[in-house]
Structures are given as C-alpha cells and as structure tokens.
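A.B. asks: This is input_36.txt, which holds compact mmCIF, C-alpha atoms:
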```
# COMPACT_ATOMS: atom_id res chain seq x y z
CA MET A 167 -25.25 2.53 11.27
CA LYS A 168 -27.66 5.43 11.26
CA ALA A 169 -25.09 7.65 12.93
CA LEU A 170 -22.63 6.80 10.19
CA THR A 171 -25.14 7.64 7.46
CA GLU A 172 -25.92 10.91 9.13
CA PHE A 173 -22.23 11.72 9.38
CA LEU A 174 -21.75 10.92 5.71
CA HIS A 175 -24.73 13.12 4.83
CA TRP A 176 -22.97 15.94 6.65
CA VAL A 177 -19.71 15.22 4.81
CA GLU A 178 -21.57 15.73 1.54
CA THR A 179 -22.55 19.23 2.63
CA THR A 180 -18.99 20.43 3.25
CA PRO A 181 -17.60 22.99 0.74
CA LEU A 182 -15.07 20.65 -0.91
CA ALA A 183 -17.65 17.89 -1.24
CA LEU A 184 -20.14 20.29 -2.76
CA PHE A 185 -17.53 21.45 -5.24
CA VAL A 186 -16.88 17.86 -6.31
CA SER A 187 -20.53 16.96 -6.70
CA GLN A 188 -21.68 20.20 -8.30
CA SER A 189 -18.87 21.35 -10.57
CA THR A 190 -19.09 20.25 -14.17
CA TYR A 191 -15.53 19.00 -14.56
CA GLY A 192 -14.37 18.77 -10.94
CA PHE A 193 -15.05 15.09 -10.48
CA SER A 194 -13.58 14.13 -13.87
CA ALA A 195 -10.43 16.15 -13.31
CA ILE A 196 -9.90 14.62 -9.87
CA ASP A 197 -10.66 11.16 -11.27
CA MET A 198 -8.00 11.68 -13.95
CA PHE A 199 -5.28 12.20 -11.33
CA HIS A 200 -6.66 9.41 -9.16
CA ILE A 201 -6.28 6.86 -11.94
CA ALA A 202 -2.78 8.04 -12.87
CA ALA A 203 -1.70 7.88 -9.21
CA VAL A 204 -3.23 4.43 -8.72
CA SER A 205 -1.40 3.13 -11.79
CA VAL A 206 1.94 4.29 -10.36
CA VAL A 207 1.12 2.74 -6.96
CA PHE A 208 0.50 -0.56 -8.68
CA GLY A 209 3.58 -0.27 -10.89
CA MET A 210 5.90 0.42 -7.98
CA ILE A 211 4.41 -2.32 -5.80
CA ALA A 212 4.60 -4.70 -8.76
CA VAL A 213 8.35 -4.07 -9.08
CA LEU A 214 8.83 -5.08 -5.46
CA ASP A 215 6.44 -8.03 -5.69
CA LEU A 216 8.18 -9.34 -8.78
CA ARG A 217 11.45 -9.27 -6.84
CA LEU A 218 9.97 -10.95 -3.76
CA THR A 219 8.39 -13.74 -5.78
CA GLY A 220 11.70 -14.22 -7.54
CA MET A 221 10.20 -13.56 -10.96
CA ALA A 222 12.32 -10.53 -11.85
CA PHE A 223 15.12 -8.13 -10.90
CA THR A 224 16.89 -10.84 -8.99
CA ASP A 225 20.26 -9.21 -9.39
CA PHE A 226 19.06 -6.24 -7.38
CA SER A 227 19.16 -6.66 -3.63
CA VAL A 228 15.77 -6.61 -1.93
CA THR A 229 16.73 -3.76 0.38
CA ASP A 230 18.06 -1.73 -2.55
CA LEU A 231 14.85 -2.09 -4.55
CA THR A 232 12.72 -1.43 -1.46
CA ARG A 233 14.61 1.77 -0.71
CA GLN A 234 14.01 3.08 -4.21
CA VAL A 235 10.44 2.00 -4.68
CA LEU A 236 8.76 2.81 -1.38
CA PRO A 237 9.04 6.63 -1.35
CA TRP A 238 7.35 6.79 -4.74
CA THR A 239 4.75 4.25 -3.67
CA TRP A 240 3.81 6.36 -0.67
CA ALA A 241 3.79 9.59 -2.66
CA ALA A 242 1.54 8.12 -5.34
CA PHE A 243 -0.65 6.54 -2.67
CA ALA A 244 -1.06 9.92 -0.98
CA VAL A 245 -2.27 11.45 -4.25
CA ALA A 246 -4.60 8.49 -4.78
CA ALA A 247 -5.97 8.75 -1.25
CA ILE A 248 -6.55 12.50 -1.42
CA THR A 249 -8.22 12.38 -4.84
CA GLY A 250 -10.17 9.32 -3.75
CA GLY A 251 -11.31 11.01 -0.56
CA LEU A 252 -12.47 14.05 -2.52
CA MET A 253 -14.49 11.94 -4.94
CA PHE A 254 -15.94 9.94 -2.06
CA SER A 255 -17.03 13.04 -0.17
CA GLY A 256 -19.19 14.24 -3.06
CA GLN A 257 -21.50 11.21 -2.80
CA ALA A 258 -20.42 9.72 0.49
CA VAL A 259 -23.72 8.01 1.34
CA LYS A 260 -24.01 6.26 -2.03
CA TYR A 261 -20.40 5.08 -1.96
CA SER A 262 -20.92 3.73 1.56
CA VAL A 263 -23.42 1.20 0.17
CA ASN A 264 -21.62 0.57 -3.10
CA PHE A 265 -20.59 -3.09 -3.24
CA ALA A 266 -17.56 -2.59 -5.49
CA PHE A 267 -16.32 0.36 -3.45
CA LEU A 268 -16.67 -1.55 -0.18
CA ALA A 269 -14.89 -4.57 -1.67
CA LYS A 270 -12.07 -2.25 -2.76
CA ILE A 271 -11.69 -0.78 0.73
CA ALA A 272 -11.77 -4.23 2.33
CA LEU A 273 -9.08 -5.49 -0.04
CA MET A 274 -6.90 -2.47 0.67
CA ALA A 275 -7.22 -3.22 4.38
CA LEU A 276 -6.10 -6.77 3.63
CA ALA A 277 -3.16 -5.40 1.65
CA GLY A 278 -2.31 -3.21 4.63
CA LEU A 279 -2.36 -6.23 6.90
CA ASN A 280 -0.10 -8.08 4.49
CA VAL A 281 2.34 -5.16 4.54
CA LEU A 282 2.36 -4.99 8.34
CA VAL A 283 3.05 -8.70 8.70
CA PHE A 284 5.76 -8.53 6.06
CA HIS A 285 7.42 -5.42 7.49
CA PHE A 286 7.39 -6.34 11.17
CA ILE A 287 7.97 -10.07 10.95
CA THR A 288 9.23 -11.39 7.62
CA TYR A 289 11.47 -8.45 6.72
CA ARG A 290 13.37 -8.69 10.01
CA GLY A 291 15.65 -11.35 8.60
CA VAL A 292 16.17 -9.71 5.20
CA ALA A 293 19.96 -9.59 5.56
CA LYS A 294 20.03 -13.36 5.09
CA TRP A 295 18.15 -13.31 1.79
CA ASP A 296 18.88 -9.83 0.51
CA ARG A 297 20.81 -10.94 -2.55
CA GLY A 298 21.99 -14.04 -4.34
CA VAL A 299 19.78 -16.48 -2.44
CA PRO A 300 16.14 -17.43 -2.95
CA VAL A 301 13.63 -15.48 -0.91
CA PRO A 302 11.92 -17.34 1.99
CA TRP A 303 8.40 -18.59 1.34
CA ALA A 304 6.81 -16.04 3.71
CA ALA A 305 8.22 -13.19 1.66
CA LYS A 306 7.30 -14.91 -1.62
CA PHE A 307 3.75 -15.33 -0.35
CA ALA A 308 3.55 -11.70 0.73
CA GLY A 309 4.68 -10.61 -2.74
CA ALA A 310 2.24 -12.87 -4.57
CA LEU A 311 -0.66 -11.92 -2.29
CA SER A 312 0.13 -8.25 -2.76
CA LEU A 313 0.05 -8.57 -6.56
CA VAL A 314 -3.29 -10.38 -6.57
CA ILE A 315 -4.85 -7.96 -4.07
CA TRP A 316 -3.84 -4.81 -5.93
CA ILE A 317 -5.09 -6.16 -9.27
CA ALA A 318 -8.42 -6.89 -7.57
CA VAL A 319 -8.42 -3.42 -5.98
CA ALA A 320 -7.95 -1.83 -9.41
CA ALA A 321 -10.72 -3.97 -10.89
CA TYR A 322 -13.22 -3.13 -8.12
CA GLY A 323 -12.20 0.49 -8.48
CA ARG A 324 -13.13 0.38 -12.16
CA PHE A 325 -16.40 -1.36 -11.40
CA THR A 326 -17.41 1.13 -8.71
CA ALA A 327 -19.15 3.30 -11.29
CA TYR A 328 -21.32 0.35 -12.32
CA TYR A 329 -22.59 -0.11 -8.76
CA MET A 330 -23.71 3.47 -8.18
CA PHE A 331 -27.49 3.43 -7.95
CA PRO A 332 -29.70 6.53 -7.82
CA MET B 40 -22.07 6.51 -45.49
CA MET B 41 -20.56 6.26 -42.06
CA ALA B 42 -21.26 9.44 -40.17
CA GLU B 43 -18.54 8.78 -37.68
CA LEU B 44 -15.76 6.20 -37.59
CA SER B 45 -16.29 5.39 -33.93
CA GLN B 46 -19.98 4.81 -34.53
CA TRP B 47 -19.20 2.45 -37.38
CA VAL B 48 -16.67 0.56 -35.26
CA GLY B 49 -19.24 0.40 -32.48
CA SER B 50 -21.70 -1.30 -34.82
CA LEU B 51 -19.29 -4.08 -35.77
CA PRO B 52 -20.16 -7.58 -34.52
CA ILE B 53 -16.91 -7.81 -32.52
CA SER B 54 -17.67 -4.55 -30.76
CA LEU B 55 -21.20 -5.62 -29.90
CA ALA B 56 -19.96 -9.01 -28.71
CA MET B 57 -17.40 -7.40 -26.41
CA ARG B 58 -20.00 -5.20 -24.80
CA ARG B 59 -22.50 -8.02 -24.40
CA ILE B 60 -20.33 -9.46 -21.62
CA THR B 61 -20.77 -6.60 -19.17
CA TRP B 62 -17.50 -7.11 -17.28
CA PHE B 63 -15.25 -7.61 -20.31
CA VAL B 64 -14.55 -4.03 -21.35
CA PRO B 65 -14.02 -2.79 -17.75
CA MET B 66 -11.60 -5.69 -17.15
CA LEU B 67 -9.69 -4.71 -20.31
CA GLN B 68 -9.55 -1.13 -19.05
CA THR B 69 -8.26 -2.32 -15.68
CA LEU B 70 -5.46 -4.37 -17.27
CA HIS B 71 -4.72 -1.46 -19.58
CA ILE B 72 -4.16 1.05 -16.78
CA LEU B 73 -2.22 -1.42 -14.62
CA SER B 74 0.21 -2.24 -17.41
CA ILE B 75 0.70 1.48 -18.10
CA GLY B 76 1.34 1.93 -14.38
CA PHE B 77 4.17 -0.56 -14.68
CA VAL B 78 5.58 1.28 -17.68
CA LEU B 79 5.45 4.57 -15.77
CA SER B 80 7.13 3.03 -12.74
CA SER B 81 9.87 1.42 -14.82
CA ILE B 82 10.65 4.71 -16.51
CA ILE B 83 10.75 6.47 -13.15
CA MET B 84 13.23 3.86 -11.89
CA ILE B 85 15.38 4.25 -14.99
CA ASP B 86 15.18 8.03 -14.92
CA LEU B 87 16.29 8.17 -11.28
CA ARG B 88 19.51 6.47 -12.29
CA VAL B 89 19.90 8.44 -15.48
CA TRP B 90 19.65 11.64 -13.44
CA GLY B 91 21.95 10.30 -10.78
CA VAL B 92 19.43 10.83 -8.02
CA SER B 93 18.71 7.19 -7.43
CA ARG B 94 18.91 5.98 -3.86
CA SER B 95 20.25 2.78 -5.27
CA GLY B 96 23.83 1.65 -5.16
CA THR B 97 23.58 0.07 -8.59
CA ALA B 98 25.12 1.38 -11.77
CA ILE B 99 23.23 2.79 -14.68
CA THR B 100 23.78 -0.26 -16.82
CA ARG B 101 21.70 -2.25 -14.33
CA SER B 102 18.68 -0.11 -15.12
CA GLU B 103 18.49 -2.08 -18.35
CA ARG B 104 17.09 -4.88 -16.20
CA PHE B 105 13.81 -2.96 -16.12
CA MET B 106 13.57 -2.92 -19.89
CA PRO B 107 12.31 -6.44 -20.72
CA TRP B 108 9.53 -6.19 -18.16
CA MET B 109 8.69 -2.70 -19.33
CA TRP B 110 8.35 -3.91 -22.91
CA THR B 111 6.11 -6.75 -21.76
CA ALA B 112 3.91 -4.27 -19.92
CA LEU B 113 3.88 -2.05 -22.99
CA ALA B 114 2.81 -5.03 -25.11
CA VAL B 115 -0.07 -5.75 -22.72
CA ALA B 116 -1.05 -2.09 -22.81
CA THR B 117 -0.96 -2.10 -26.61
CA LEU B 118 -2.99 -5.30 -26.97
CA THR B 119 -5.62 -4.20 -24.46
CA GLY B 120 -5.62 -0.77 -26.09
CA ILE B 121 -6.32 -2.23 -29.52
CA ALA B 122 -9.07 -4.42 -28.06
CA LEU B 123 -10.56 -1.34 -26.38
CA MET B 124 -10.57 0.51 -29.68
CA PHE B 125 -13.17 -2.05 -30.73
CA GLY B 126 -14.95 -2.58 -27.44
CA ALA B 127 -15.16 1.05 -26.39
CA PRO B 128 -14.42 3.12 -29.50
CA ARG B 129 -13.57 6.75 -28.96
CA SER B 130 -14.29 9.53 -31.40
CA TRP B 131 -11.52 11.23 -33.37
CA ARG B 132 -13.24 14.46 -32.44
CA ASP B 133 -12.41 13.76 -28.81
CA GLY B 134 -9.52 16.16 -28.23
CA ALA B 135 -8.18 14.29 -25.23
CA PHE B 136 -8.11 11.01 -27.18
CA VAL B 137 -6.23 12.58 -30.09
CA ALA B 138 -3.77 14.17 -27.64
CA LYS B 139 -3.29 10.77 -26.03
CA LEU B 140 -2.49 9.11 -29.37
CA TYR B 141 0.13 11.74 -30.22
CA MET B 142 1.74 11.59 -26.79
CA MET B 143 1.67 7.81 -26.81
CA THR B 144 3.49 7.66 -30.14
CA ALA B 145 6.11 10.16 -29.02
CA ALA B 146 6.46 8.35 -25.68
CA THR B 147 7.07 5.02 -27.41
CA VAL B 148 9.77 6.59 -29.60
CA ALA B 149 11.45 8.11 -26.54
CA THR B 150 11.19 4.79 -24.69
CA MET B 151 12.81 2.97 -27.60
CA ALA B 152 15.62 5.52 -27.71
CA LEU B 153 16.36 5.11 -24.00
CA PRO B 154 18.30 1.80 -24.09
CA ILE B 155 20.36 3.09 -26.99
CA MET B 156 21.27 6.18 -24.99
CA LEU B 157 22.07 4.10 -21.91
CA ARG B 158 24.35 1.79 -23.85
CA ARG B 159 26.45 4.82 -24.72
CA ASN B 160 27.42 4.92 -21.05
CA GLU B 161 29.35 1.67 -21.08
CA CYS B 162 31.67 3.05 -18.42
CA GLY B 163 29.04 1.82 -15.98
CA GLY B 164 28.92 5.09 -14.11
CA LYS B 165 25.86 6.13 -12.18
CA ASP B 166 25.17 9.27 -14.19
CA ALA B 167 24.32 9.65 -17.85
CA GLY B 168 24.95 12.32 -20.45
CA VAL B 169 22.54 15.18 -21.12
CA PRO B 170 20.87 13.58 -24.17
CA ALA B 171 19.98 10.47 -22.16
CA ARG B 172 18.59 12.62 -19.36
CA LEU B 173 16.41 14.61 -21.75
CA VAL B 174 15.12 11.49 -23.45
CA GLY B 175 14.40 9.97 -20.04
CA ILE B 176 12.44 12.98 -18.85
CA ALA B 177 10.62 13.25 -22.18
CA ALA B 178 9.56 9.61 -21.97
CA LEU B 179 8.21 10.09 -18.46
CA ALA B 180 6.41 13.35 -19.22
CA LEU B 181 4.85 11.91 -22.37
CA TRP B 182 3.66 8.71 -20.70
CA LEU B 183 2.21 10.70 -17.81
CA GLY B 184 0.51 13.03 -20.26
CA ALA B 185 -0.89 10.11 -22.23
CA THR B 186 -2.16 8.52 -19.00
CA LEU B 187 -3.93 11.70 -17.93
CA ALA B 188 -5.31 12.32 -21.42
CA GLY B 189 -6.62 8.77 -21.42
CA ARG B 190 -9.12 9.76 -18.78
CA GLY B 191 -9.51 13.43 -19.64
CA ARG B 192 -12.23 12.98 -22.22
CA TRP B 193 -15.02 14.70 -20.33
CA ILE B 194 -12.95 17.85 -20.00
CA ALA B 195 -12.06 17.83 -23.66
CA GLY B 196 -15.65 17.05 -24.53
CA ALA B 197 -16.77 20.13 -22.68
CA LEU B 198 -14.27 22.19 -24.62
CA GLY B 199 -16.07 21.29 -27.81
CA GLY B 200 -14.34 17.98 -28.49
```
Take the structure in this file and express it as structure tokens.
C.D. replies:
Amino acid sequence: MKALTEFLHWVETTPLALFVSQSTYGFSAIDMFHIAAVSVVFGMIAVLDLRLTGMAFTDFSVTDLTRQVLPWTWAAFAVAAITGGLMFSGQAVKYSVNFAFLAKIALMALAGLNVLVFHFITYRGVAKWDRGVPVPWAAKFAGALSLVIWIAVAAYGRFTAYYMFP
Amino acid sequence: MMAELSQWVGSLPISLAMRRITWFVPMLQTLHILSIGFVLSSIIMIDLRVWGVSRSGTAITRSERFMPWMWTALAVATLTGIALMFGAPRSWRDGAFVAKLYMMTAATVATMALPIMLRRNECGGKDAGVPARLVGIAALALWLGATLAGRGRWIAGALGG
C-alpha cells in the first residue's frame, strides 16, 4: 500500500497534475466537461438499457439501437475518463482514500463486468430476440443492473467532494 | 430589504429544511444531471437521423419514438431544477447561471419545434429539410451549452460574476 501512496505522491508532482491543482480555474473547467460527458454516457446507456428491459423503444431492433448508441457512449466515456484522470492526478493521494470515489470506481468495475458478460455471452444469441419478441431474462437483468449501477456511479461522483478531507 | 434574492430564498424555511438533510440537495443535483444527459442523448439520436448520418436503418419518423421519453426526462430535469432553486439558490449576478437560463429557454423552444419540423417529412425518408436540421443542431448546441454553463459558475464568478 505504501508503494501505491508513494506512486500517487509522484503523480501529483507531474506537470499536468500540478496545473490542475494549482491553476485557479483549471479544475473547475475540467470538471465542467467531466459532468457534461458523464451525463451523455448515462443518457446513451439508458437508451440501450430501456430497450433491453423492454420499457421503451421496442420497435427498434436491439442491434440497430446498439450500433447507434455505442460509438457515442465510448466517445463520451473517453472524455469523462480523461477529464476524470486529470482531476484525480491533482490530488491523487486524497482521492485514493476517498470513500465515495472508491465506491464509484468499484461500481464502474462492476458495470464493466456486466458489460463483458452481456457482450460475450448473452449477446451471442441476439438474432433470436433482436426485434418483435421479448428480450431474454439475462439481457433484461443486464439492462436493469446497468441502469442502477450508473445512477449509483453518478451519485457517488457527486458525493466525492463531500468526502475530501484535508 | 432583501439585499439579494438568492440570499432571501436561502433563508426560507423550505430552503433550510432541504439543506438540513445533507444528502438531499446532492441527490437532486445527481438526478438533475442524469435527466439532462438523457435529453442530450435523445437529441443526438434524433439529430443523427435528421442529418442523415445515422447508422440506423430506421426512417426519420421513427425518431419520434425518442420524444415521449425525452419529455419525461425534461420534466424530471425541470422539477429537480425548481427544487434546486430553493435548496441551492444561485445568484442572478452569477453570469454562468444567467447564461444557462437563457440557453435553457431557447433549447426548450427548439426542442418543442423539433417534432413539428419532423412531421413535415411525412414521406418517411431518412433525411430532413434544412430548417429541421438547423433546429436540431440548435437544440443540441443550446442544451450542451446550458449543461456546461450549469457547472461553469466558478469561472464566471472569477470574471466578476
């Protein structure tokens, strides 16, 4: 653990990290784009999850919706990850012991696991339930779990500021 | 007399009550940004079709399927926004906040105009006319602007806001 803390201390001394922690508006500006990007990530994922759970867009085929939504999801996620990484680097050590931040990361890992299972196992048989028929329970579950996780991720993200201690 | 509207709002019992529950205002803010995220995403999906660059095989008329959900999300955003005006009042002198209100109003008008413009393309073709495309892009740009301005207060504050 000590090695990790020392590494994070070093991260804080890198030029970009110093810019984030020392500039007057740097952090706020980056945060602004982070929040906008995160909202789009959620919105896009929500479209897909609503389809998978059968709650909406049922006259679109699953593959059709997936094809449209995923590129934007990844693009927005990239912006969120880069802006997030920059903000993290400015106070890396503090974030590493921030309960809300750690919960957020853990939930994102869970979301990632959910995506992997869905993509490599459940989605294999998509041709059978692509349109007109109800989605199998495994896909419904993946969609519902995804929705819940990302709402929780957003909430813990908002609460991160409240868990930053001097 | 009240020195500042936001200060007066902040002294109201409802405002104090909302802030007494420490997690309440942040939860409202979370729901607020998530619902706006859905609005943004819906408009992106609609705009892709309107501009004929959608990777979907579906016609433009199908993009109206996004509308009901988008309006629901907008309703959630509005309700949480109104609640936040009491729970976390922002000053009218905050340039970013004022910019957000203007962009939000314009964005809502553009969003309301969108279905009307889409209905003009009853032919069911994938592309739309120029007015629809402009309204679509305007809606997206304005919502994005409002979203950024929603969090840009520190920058505006530094500029004398």
A.B. asks: Let me make sure I understand: among B:Pro107, B:Gly184, B:Gly120, B:Gly191, which one has the smallest atom-to-atom distance to chain A if we use all atoms listed in the file?
C.D. replies: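 Using all atoms listed in the file, chain A sits closest to B:Gly191.
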A.B. asks: Neighbouring residues of B:Trp108 were defined as those with any atom within 12 Å, considering all atoms listed in the file; residues of the same chain fewer than 4 positions away were excluded. Please report them as a PyMOL selection string.
C.D. replies: (chain A and resi 209+212-213+216-217+221-223) or (chain B and resi 74-75+77-82+102-104+112-115)
A.B. asks: For chain A, which of B:Met109, B:Val89, B:Met143, B:Leu51 is the closest residue, counting all atoms listed in the file?
C.D. replies: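 Of all the options, B:Met109 lies closest to chain A.
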A.B. asks: So how far away is atom CA of A:Ile317 from atom CA of B:Ile176, in Å?
C.D. replies: 27.7 Å
A.B. asks: Tell me the residues of chain A close to chain B, meaning within 7 Å using all atoms listed in the file, as a ChimeraX atom specification.
C.D. replies: /A:191,194-195,198-199,202,205-206,208-210,223,230,233-234,320-321,324-325
A.B. asks: Record the distance separating atom CA of B:Gly168 and atom CA of A:Thr239, expressed in Å with one decimal.
C.D. replies: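 So the answer is 27.5 Å.
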A.B. asks: Determine, counting all atoms listed in the file, every residue of protein, DNA or RNA that lies within 12 Å of (-10.0, -8.7, 0.8) in the file coordinates, then give the result as an NGL selection string.
C.D. replies: :A and (266-280 or 311-312 or 314-319 or 322)
A.B. asks: Take atom CA of A:Leu214 and atom CA of A:Val281 and report the distance between them in Å, one decimal.
C.D. replies: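 About the pair atom CA of A:Leu214 and atom CA of A:Val281: they are 11.9 Å apart.
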A.B. asks: Can you list, as an MDAnalysis selection string, every protein, DNA or RNA residue that comes within 12 Å of A:Gln188 when you count all atoms listed in the file, leaving out same-chain residues fewer than 6 positions away?
C.D. replies: chainID A and resid 178:182 194 253 255:257
A.B. asks: Counting only C-alpha atoms, what is within 8 Å of stretch 293-304 of chain A, bar same-chain residues fewer than 5 positions away, as a list of chain:residue names?
C.D. replies: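 My list of contacting residues is A:Leu218, A:Thr219, A:Gly220, A:Thr224, A:Asp225, A:Phe226, A:Ser227, A:Val228, A:Thr229, A:Phe284, A:Thr288.
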A.B. asks: Looking at only C-alpha atoms, which of B:Gly134, B:Gly126, B:Pro154, B:Pro170 is the one that sits closest to B:Ala56?
C.D. replies: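 The answer is B:Gly126, which sits nearest to B:Ala56.
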A.B. asks: Give me the residues within 10 Å of B:Tyr141 as a list in words, counting all atoms listed in the file and dropping any in the same chain fewer than 5 places off.
C.D. replies: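 Using all atoms listed in the file, the neighbours found are Phe136, Ala146, Leu181 and Ala185 of chain B.
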A.B. asks: With 5 Å added on each side, what axis-aligned box encloses every listed atom of stretch 225-231 of chain A? Give the centre and edge lengths in Å to one decimal, as lines of an AutoDock Vina configuration file.
C.D. replies:
```
center_x = 17.6
center_y = -5.5
center_z = -4.5
size_x = 15.4
size_y = 17.5
size_z = 19.8
```
A.B. asks: Using only C-alpha atoms, which of A:His200, A:His175, A:Arg290, A:Lys260 sits nearest A:Gly323?
C.D. replies: A:His200
